[in-house]
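Data from target-v5.csv: CSV, C-alpha atoms (C1' of nucleotides)
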```
chain,number,residue,atom,x,y,z
A,1,MET,CA,108.2,112.1,110.6
A,2,PRO,CA,109.4,115.5,111.6
A,3,GLU,CA,112.9,115.4,113.1
A,4,LEU,CA,115.3,118.2,113.5
A,5,PRO,CA,115.8,119.0,109.8
A,6,GLU,CA,112.1,118.9,109.1
A,7,VAL,CA,111.2,121.2,112.0
A,8,GLU,CA,114.0,123.5,111.0
A,9,THR,CA,112.7,123.6,107.5
A,10,ILE,CA,109.2,124.4,108.7
A,11,LYS,CA,110.5,127.1,110.9
A,12,ASN,CA,112.5,128.7,108.1
A,13,GLU,CA,109.7,128.6,105.6
A,14,LEU,CA,107.0,129.7,108.0
A,15,ALA,CA,108.9,132.6,109.6
A,16,PRO,CA,108.6,135.1,106.7
A,17,TRP,CA,104.8,134.8,106.8
A,18,ILE,CA,104.4,134.8,110.5
A,19,VAL,CA,107.1,136.9,112.3
A,20,GLY,CA,105.9,140.4,112.8
A,21,GLN,CA,102.2,139.5,112.3
A,22,SER,CA,99.6,139.2,115.0
A,23,PHE,CA,96.9,136.6,115.5
A,24,THR,CA,93.4,137.8,114.5
A,25,LYS,CA,91.5,134.6,115.1
A,26,VAL,CA,92.4,131.1,116.5
A,27,ALA,CA,90.3,128.0,116.2
A,28,ILE,CA,91.2,124.8,118.0
A,29,PRO,CA,88.7,122.1,117.0
A,30,ASP,CA,90.7,119.4,118.8
A,31,ALA,CA,91.2,120.3,122.5
A,32,LYS,CA,93.3,117.1,123.1
A,33,LEU,CA,96.1,118.9,121.2
A,34,LEU,CA,96.6,121.2,124.2
A,35,SER,CA,98.7,120.3,127.2
A,36,GLY,CA,98.1,122.1,130.5
A,37,CYS,CA,95.7,124.8,129.2
A,38,SER,CA,92.2,125.2,127.7
A,39,VAL,CA,91.1,126.2,124.3
A,40,ARG,CA,89.6,129.3,125.8
A,41,ASP,CA,93.0,130.2,127.5
A,42,VAL,CA,94.9,129.9,124.3
A,43,ARG,CA,92.4,131.8,122.1
A,44,ARG,CA,92.2,134.6,124.7
A,45,ALA,CA,96.0,134.8,125.1
A,46,LEU,CA,96.9,134.6,121.4
A,47,VAL,CA,94.4,137.0,119.7
A,48,GLY,CA,96.0,140.4,119.3
A,49,GLN,CA,99.5,139.1,120.1
A,50,LYS,CA,102.3,139.6,117.7
A,51,VAL,CA,104.8,136.8,116.9
A,52,GLU,CA,108.2,138.4,117.7
A,53,ARG,CA,110.3,135.4,116.9
A,54,LEU,CA,110.2,131.8,115.7
A,55,GLU,CA,112.7,129.4,117.2
A,56,ARG,CA,113.4,125.6,117.0
A,57,ARG,CA,114.7,123.6,120.0
A,58,GLY,CA,115.1,119.9,119.3
A,59,LYS,CA,111.9,118.9,117.5
A,60,TYR,CA,109.9,121.7,119.2
A,61,LEU,CA,108.8,124.8,117.4
A,62,ILE,CA,108.6,127.9,119.6
A,63,PHE,CA,106.6,131.1,118.9
A,64,HIS,CA,107.7,134.0,121.1
A,65,LEU,CA,104.8,136.4,121.5
A,66,SER,CA,104.8,140.1,122.2
A,67,ASN,CA,103.3,139.7,125.7
A,68,GLY,CA,106.2,137.5,126.7
A,69,GLN,CA,104.2,134.3,126.5
A,70,VAL,CA,105.3,131.4,124.4
A,71,LEU,CA,103.4,129.1,122.1
A,72,ILE,CA,105.2,125.7,121.7
A,73,ILE,CA,104.2,123.1,119.1
A,74,HIS,CA,105.5,119.5,118.8
A,75,LEU,CA,104.4,117.7,115.6
A,76,ARG,CA,105.3,114.2,116.8
A,77,MET,CA,104.7,111.7,114.1
A,78,THR,CA,102.2,113.0,111.6
A,79,GLY,CA,101.8,116.7,112.4
A,80,SER,CA,102.3,119.4,109.8
A,81,LEU,CA,101.9,123.2,109.6
A,82,LEU,CA,100.3,124.2,106.4
A,83,LEU,CA,100.3,127.8,105.1
A,84,ASP,CA,97.1,128.9,103.3
A,85,PRO,CA,95.8,125.4,102.4
A,86,GLU,CA,92.8,125.5,100.0
A,87,GLU,CA,90.8,123.6,102.6
A,88,VAL,CA,91.6,123.2,106.3
A,89,GLY,CA,91.1,119.5,105.8
A,90,ARG,CA,89.7,116.8,108.0
A,91,TYR,CA,92.9,116.5,110.1
A,92,ALA,CA,93.0,120.2,111.1
A,93,ARG,CA,93.6,120.4,114.9
A,94,ALA,CA,94.1,124.2,115.1
A,95,VAL,CA,93.8,127.1,112.6
A,96,PHE,CA,95.6,130.4,113.1
A,97,HIS,CA,94.6,133.5,111.3
A,98,LEU,CA,97.1,136.3,110.9
A,99,SER,CA,96.9,140.1,110.5
A,100,ASN,CA,98.4,139.8,107.0
A,101,TRP,CA,95.3,137.8,106.0
A,102,HIS,CA,97.3,134.6,105.8
A,103,ARG,CA,96.5,131.6,108.0
A,104,PHE,CA,98.3,128.4,109.0
A,105,VAL,CA,96.8,125.1,110.0
A,106,PHE,CA,98.1,122.5,112.4
A,107,SER,CA,97.1,119.3,110.7
A,108,ASP,CA,97.7,116.0,112.4
A,109,ARG,CA,96.4,112.7,111.1
A,110,ARG,CA,97.2,110.7,114.2
A,111,ARG,CA,96.5,113.3,116.8
A,112,LEU,CA,99.8,112.7,118.6
A,113,GLY,CA,101.0,116.3,118.2
A,114,LYS,CA,101.0,118.7,121.2
A,115,MET,CA,100.7,122.4,121.9
A,116,TRP,CA,101.6,124.4,125.0
A,117,LEU,CA,101.0,128.0,126.0
A,118,VAL,CA,103.5,128.9,128.7
A,119,GLU,CA,105.3,131.9,130.3
A,120,ASP,CA,108.6,130.2,130.2
A,121,VAL,CA,110.1,128.0,127.4
A,122,ASP,CA,112.1,126.0,129.8
A,123,SER,CA,108.9,124.7,131.5
A,124,VAL,CA,108.5,122.5,128.4
A,125,VAL,CA,111.9,122.0,126.9
A,126,CYS,CA,114.2,122.2,130.0
A,127,LYS,CA,115.2,118.5,130.0
A,128,LEU,CA,116.4,118.4,126.3
A,129,GLY,CA,120.0,117.5,125.6
A,130,PRO,CA,122.3,119.8,123.5
A,131,GLU,CA,121.5,121.0,120.0
A,132,PRO,CA,123.6,118.8,117.7
A,133,LEU,CA,124.3,121.7,115.3
A,134,ASP,CA,125.4,124.2,118.0
A,135,ARG,CA,129.1,125.2,118.3
A,136,GLY,CA,129.1,123.8,121.8
A,137,PHE,CA,128.2,120.3,120.7
A,138,THR,CA,131.7,118.9,120.5
A,139,PRO,CA,132.8,115.2,120.3
A,140,ASN,CA,133.7,115.5,124.0
A,141,VAL,CA,130.2,116.6,124.9
A,142,LEU,CA,128.8,113.6,123.0
A,143,ARG,CA,131.3,111.3,124.7
A,144,GLN,CA,130.4,112.6,128.2
A,145,ARG,CA,126.7,112.2,127.6
A,146,LEU,CA,127.0,108.7,126.1
A,147,SER,CA,129.3,107.5,128.8
A,148,ARG,CA,126.5,107.7,131.4
A,149,HIS,CA,124.3,105.2,129.5
A,150,HIS,CA,124.7,101.5,129.2
A,151,ILE,CA,122.0,101.2,126.5
A,152,PRO,CA,122.2,100.5,122.7
A,153,ILE,CA,123.7,103.5,120.9
A,154,LYS,CA,120.5,103.6,118.7
A,155,ALA,CA,118.4,104.1,121.8
A,156,ALA,CA,120.8,106.7,123.2
A,157,LEU,CA,120.6,108.8,120.0
A,158,LEU,CA,116.8,108.7,120.1
A,159,ASP,CA,116.8,109.9,123.8
A,160,GLN,CA,116.1,113.6,123.5
A,161,HIS,CA,117.7,114.1,127.0
A,162,ILE,CA,121.0,112.9,125.6
A,163,VAL,CA,121.0,114.8,122.3
A,164,ALA,CA,118.0,116.8,121.0
A,165,GLY,CA,116.5,116.5,117.6
A,166,ILE,CA,117.6,113.2,116.3
A,167,GLY,CA,114.8,110.7,115.4
A,168,ASN,CA,114.6,107.3,114.0
A,169,MET,CA,115.6,108.0,110.4
A,170,TYR,CA,118.7,110.2,111.1
A,171,ALA,CA,119.9,107.9,113.9
A,172,ASP,CA,120.0,105.0,111.5
A,173,GLU,CA,121.8,107.1,108.8
A,174,ALA,CA,124.4,108.5,111.3
A,175,LEU,CA,125.2,105.1,112.7
A,176,PHE,CA,125.6,103.7,109.2
A,177,ALA,CA,127.9,106.5,108.1
A,178,ALA,CA,129.9,106.0,111.2
A,179,ARG,CA,129.9,102.2,110.7
A,180,ILE,CA,128.6,101.5,114.2
A,181,HIS,CA,126.2,98.7,114.9
A,182,PRO,CA,122.9,100.0,116.4
A,183,LEU,CA,123.1,97.6,119.3
A,184,ARG,CA,126.6,98.6,120.5
A,185,LYS,CA,126.4,100.0,124.0
A,186,ALA,CA,126.6,103.8,124.2
A,187,ASP,CA,129.2,103.8,127.0
A,188,GLN,CA,131.5,101.4,125.1
A,189,LEU,CA,132.2,103.3,121.9
A,190,SER,CA,135.8,104.3,121.4
A,191,LEU,CA,136.8,107.9,121.3
A,192,GLU,CA,137.5,107.5,117.5
A,193,GLU,CA,134.1,106.0,117.0
A,194,ILE,CA,132.4,108.9,118.9
A,195,ARG,CA,134.4,111.4,116.8
A,196,THR,CA,133.2,109.8,113.6
A,197,LEU,CA,129.6,109.6,114.9
A,198,HIS,CA,129.6,113.2,116.0
A,199,ASN,CA,130.9,114.3,112.6
A,200,ASN,CA,128.4,112.3,110.7
A,201,ILE,CA,125.4,113.4,112.9
A,202,ARG,CA,126.2,117.0,112.1
A,203,ARG,CA,127.0,116.3,108.4
A,204,ILE,CA,123.8,114.4,107.9
A,205,LEU,CA,121.5,116.8,109.7
A,206,ARG,CA,123.0,119.8,107.8
A,207,ALA,CA,122.6,118.0,104.5
A,208,ALA,CA,119.0,117.1,105.3
A,209,ILE,CA,118.2,120.7,106.2
A,210,GLY,CA,119.7,121.6,102.8
A,211,SER,CA,117.3,119.1,101.2
A,212,LYS,CA,114.4,120.6,103.2
A,213,GLY,CA,113.8,117.4,105.2
A,214,ALA,CA,112.7,113.9,104.3
A,215,SER,CA,109.2,113.2,103.0
A,216,VAL,CA,109.0,109.5,103.9
A,217,ASP,CA,105.6,109.5,105.5
A,218,SER,CA,103.3,112.4,105.8
A,219,TYR,CA,105.9,115.3,106.1
A,220,VAL,CA,105.1,118.2,103.9
A,221,ARG,CA,106.6,121.7,104.0
A,222,PRO,CA,104.3,124.6,104.9
A,223,GLU,CA,103.5,125.5,101.3
A,224,GLY,CA,102.8,121.9,100.3
A,225,GLU,CA,106.2,120.9,98.7
A,226,LEU,CA,108.0,117.7,99.7
A,227,GLY,CA,111.5,117.5,101.1
A,228,THR,CA,114.1,115.4,99.3
A,229,ALA,CA,116.5,114.3,102.1
A,230,HIS,CA,115.1,110.7,101.9
A,231,PHE,CA,116.6,110.3,98.4
A,232,ASP,CA,120.0,110.4,100.2
A,233,PHE,CA,119.1,107.8,102.7
A,234,LYS,CA,121.5,104.8,102.6
A,235,VAL,CA,119.8,102.5,105.0
A,236,ALA,CA,116.8,104.1,106.6
A,237,HIS,CA,113.6,102.5,105.4
A,238,ARG,CA,115.5,100.4,103.0
A,239,GLY,CA,115.3,97.0,104.5
A,240,GLY,CA,116.0,94.2,102.1
A,241,GLU,CA,117.8,96.6,99.6
A,242,ARG,CA,121.5,96.5,98.7
A,243,CYS,CA,124.0,98.3,100.9
A,244,PRO,CA,125.5,101.1,98.7
A,245,ILE,CA,128.9,100.5,100.2
A,246,CYS,CA,129.4,96.7,100.3
A,247,GLY,CA,126.4,95.4,98.3
A,248,GLY,CA,125.2,93.3,101.2
A,249,THR,CA,121.6,93.2,102.3
A,250,ILE,CA,120.3,96.0,104.6
A,251,GLU,CA,118.6,94.4,107.6
A,252,ARG,CA,115.8,95.6,109.9
A,253,VAL,CA,115.8,94.9,113.6
A,254,VAL,CA,113.7,96.3,116.4
A,255,VAL,CA,115.6,98.4,119.0
A,256,GLN,CA,113.6,99.9,121.8
A,257,ASN,CA,110.4,99.2,119.8
A,258,ARG,CA,111.8,101.2,116.8
A,259,GLY,CA,112.4,99.8,113.4
A,260,THR,CA,116.1,100.0,112.9
A,261,TYR,CA,117.9,99.6,109.5
A,262,PHE,CA,121.6,98.8,109.2
A,263,CYS,CA,124.1,96.9,107.2
A,264,PRO,CA,125.5,94.0,109.2
A,265,ARG,CA,128.7,93.9,107.1
A,266,CYS,CA,129.5,97.6,107.3
A,267,GLN,CA,128.3,97.9,110.9
A,268,PRO,CA,129.6,94.7,112.6
A,269,LEU,CA,128.6,94.2,116.3
A,270,ASP,CA,132.1,93.1,117.2
A,271,ARG,CA,134.8,95.5,115.9
A,272,ARG,CA,137.9,93.8,117.3
A,273,PRO,CA,140.4,92.7,114.7
A,274,LEU,CA,139.6,89.3,113.1
A,275,THR,CA,142.5,87.5,114.9
A,276,GLN,CA,141.2,88.7,118.3
A,277,LYS,CA,137.7,87.7,117.5
A,278,CYS,CA,138.9,84.2,116.5
A,279,ALA,CA,140.9,83.9,119.7
A,280,ALA,CA,137.9,84.8,121.7
A,281,ALA,CA,135.9,82.2,119.9
A,282,GLY,CA,138.6,79.6,119.9
A,283,LEU,CA,138.8,79.6,116.2
A,284,HIS,CA,142.6,80.0,115.6
A,285,GLU,CA,142.6,76.9,113.5
A,286,ARG,CA,139.6,77.8,111.4
A,287,LEU,CA,141.2,81.2,110.7
A,288,LYS,CA,144.5,79.7,109.7
A,289,ALA,CA,142.7,77.2,107.5
A,290,SER,CA,140.6,79.9,105.8
A,291,ARG,CA,143.7,82.1,105.2
A,292,SER,CA,145.7,79.2,103.8
A,293,LEU,CA,142.8,78.7,101.3
A,294,GLY,CA,143.1,82.4,100.3
A,295,SER,CA,139.9,83.4,101.8
A,296,SER,CA,139.8,87.1,102.7
A,297,SER,CA,136.9,86.9,105.1
A,298,LEU,CA,135.5,84.5,107.7
A,299,ILE,CA,131.9,84.3,108.7
A,300,LEU,CA,131.6,84.1,112.5
A,301,THR,CA,128.3,83.0,113.8
B,1,DC,C1',119.4,106.8,139.8
B,2,DT,C1',118.9,103.8,135.2
B,3,DT,C1',116.6,100.9,131.9
B,4,DG,C1',112.8,98.7,129.5
B,5,DG,C1',108.2,98.3,128.1
B,6,DG,C1',103.6,99.9,127.3
B,7,DA,C1',100.2,103.7,126.1
B,8,DC,C1',98.8,107.1,123.2
B,9,DC,C1',96.8,107.7,118.3
B,10,DT,C1',94.7,106.3,113.6
B,11,DG,C1',95.4,105.5,108.4
B,12,DG,C1',97.1,102.1,105.7
B,13,DC,C1',98.4,97.6,104.9
B,14,DT,C1',98.1,92.4,105.2
B,15,DG,C1',95.9,88.2,105.3
B,16,DC,C1',91.9,85.4,105.7
C,1,DT,C1',84.8,92.7,98.7
C,2,DG,C1',85.0,93.1,103.7
C,3,DC,C1',86.9,93.2,107.9
C,4,DA,C1',89.9,92.1,111.9
C,5,DG,C1',94.3,93.0,113.5
C,6,DC,C1',98.8,94.7,113.2
C,7,DC,C1',102.2,98.3,112.3
C,8,DA,C1',104.4,103.0,112.1
C,9,DG,C1',107.3,106.0,116.1
C,10,DG,C1',108.1,110.6,119.5
C,11,DT,C1',107.3,111.1,124.0
C,12,DC,C1',105.5,110.3,128.6
C,13,DC,C1',104.7,107.3,132.4
C,14,DC,C1',105.4,103.5,135.3
C,15,DA,C1',107.6,99.4,137.1
C,16,DA,C1',111.7,96.8,138.2
```
Rewrite the structure from the file as structure tokens, please.
Amino acid sequence: MPELPEVETIKNELAPWIVGQSFTKVAIPDAKLLSGCSVRDVRRALVGQKVERLERRGKYLIFHLSNGQVLIIHLRMTGSLLLDPEEVGRYARAVFHLSNWHRFVFSDRRRLGKMWLVEDVDSVVCKLGPEPLDRGFTPNVLRQRLSRHHIPIKAALLDQHIVAGIGNMYADEALFAARIHPLRKADQLSLEEIRTLHNNIRRILRAAIGSKGASVDSYVRPEGELGTAHFDFKVAHRGGERCPICGGTIERVVVQNRGTYFCPRCQPLDRRPLTQKCAAAGLHERLKASRSLGSSSLILT
DNA sequence: CTTGGGACCTGGCTGC
DNA sequence: TGCAGCCAGGTCCCAA
């Protein structure tokens, strides 16, 4: 599933082959791929145009063309861009031939990917939230954006209008690293929690780019290699396994129709001190009793 | 305005 | 072995 680190990797690895080259031939066997333009429009506009620059914004890949137009690709769930594959394959949705005799293929098993040809990038990506790796993305920016939403923090991190580029895997990893339960309300995190979350979002995304992305499902890099970021996952897609911190069992819940993995011990829903929790639950006596017995923890249900 | 839920899409998996 | 039915999740769209 291409999220920010995967799209960034694709951009970095594709750029040396594409930037400065022009399109010589474009085939789009799957017209459903296109949003707001026809196959003929795209072929006519692209052929002969040079790619001036390749850019990523959130999970969007942006090709700046020499005529000022912009080709934008979103890979969604199962899309990939393959450089010079031996065969185009049965899932090829678009094939781009370049002036250096290389070609790249937009391959997408589930056909959820999208492609736009526009005059103005903002007509497609204007509503995206800030780039989490930009200098301007400070803890205060994150705090301000989260404070407007009374929804689970997991849902807020997945909302591209709040922050761009984070998907299901990295949201789970960042919340685990910050020890924040995925169902905590976005507008009720403390400043300290937001600082920790902000720090971990950036750390985890940077590390994942360093590992060239996570190949959990169908993600492959343009030249066919896999990424290795998933080997560093602590909770994502690890339901039922042991938590690497506390040894407890990693659980899976569904938040906003998304499989969500977390450690209930490391990411408690209620973070108030134990004494306050017990007061709220009317459990003074039980706490005293458990302490007098030398118990260091109390299970609240 | 915000929030939640369904649609899109299809290969792969589960269970009968 | 075959097949129906469910699941995965990024984004858009609609209803409350």
When the cut-off is 9 Å and we count all atoms listed in the file, which residues of chain C are near chain A, given as a VMD selection string?
chain C and resid 8 to 11
Could those residues be written to a file, using C-alpha atoms (C1' of nucleotides), as a compact mmCIF listing (two decimals), in the coordinates of the input?
```txt
# COMPACT_ATOMS: atom_id res chain seq x y z
C1' DA C 8 104.40 103.00 112.10
C1' DG C 9 107.30 106.00 116.10
C1' DG C 10 108.10 110.60 119.50
C1' DT C 11 107.30 111.10 124.00
```
Sort by chain and increasing residue number a table of all residues of chain B within 10 Å of chain A, each with its closest pair of atoms and their distance in Å to one decimal, counting only C-alpha atoms (C1' of nucleotides), and write it as a Markdown table.
```
| residue | atom | partner | partner_atom | distance |
| --- | --- | --- | --- | --- |
| B:DT2 | C1' | A:His149 | CA | 8.0 |
| B:DT3 | C1' | A:Ile151 | CA | 7.6 |
| B:DG4 | C1' | A:Gln256 | CA | 7.8 |
| B:DG5 | C1' | A:Gln256 | CA | 8.5 |
| B:DC8 | C1' | A:Leu112 | CA | 7.3 |
| B:DC9 | C1' | A:Arg110 | CA | 5.1 |
| B:DT10 | C1' | A:Arg110 | CA | 5.1 |
| B:DG11 | C1' | A:Arg109 | CA | 7.8 |
```
Would you work out the distance separating CA of Tyr261 in chain A from CA of His161 in chain A, expressed in Å to one decimal?
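If I compute the distance from CA of Tyr261 in chain A to CA of His161 in chain A, I get 22.7 Å.
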Nearest to Ala171 in chain A, chosen from A:Gly247, A:Gly239, A:Pro152, A:Pro264, with only C-alpha atoms counted in the distances:
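Of the candidates, the smallest distance to Ala171 in chain A is held by A:Pro152.
Counting all atoms listed in the file, DA4 in chain C has the following residues at most 12 Å away, ignoring those fewer than 6 positions along the same chain: DT14, DG15 and DC16 of chain B.
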What does the distance from CA of Lys212 in chain A to CA of Phe104 in chain A come to in Å, to one decimal?
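Separation between CA of Lys212 in chain A and CA of Phe104 in chain A: 18.8 Å.
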Rounded to one decimal in Å, what is the spacing between CA of Gly136 in chain A and CA of Val163 in chain A?
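These two atoms are separated by 12.1 Å.
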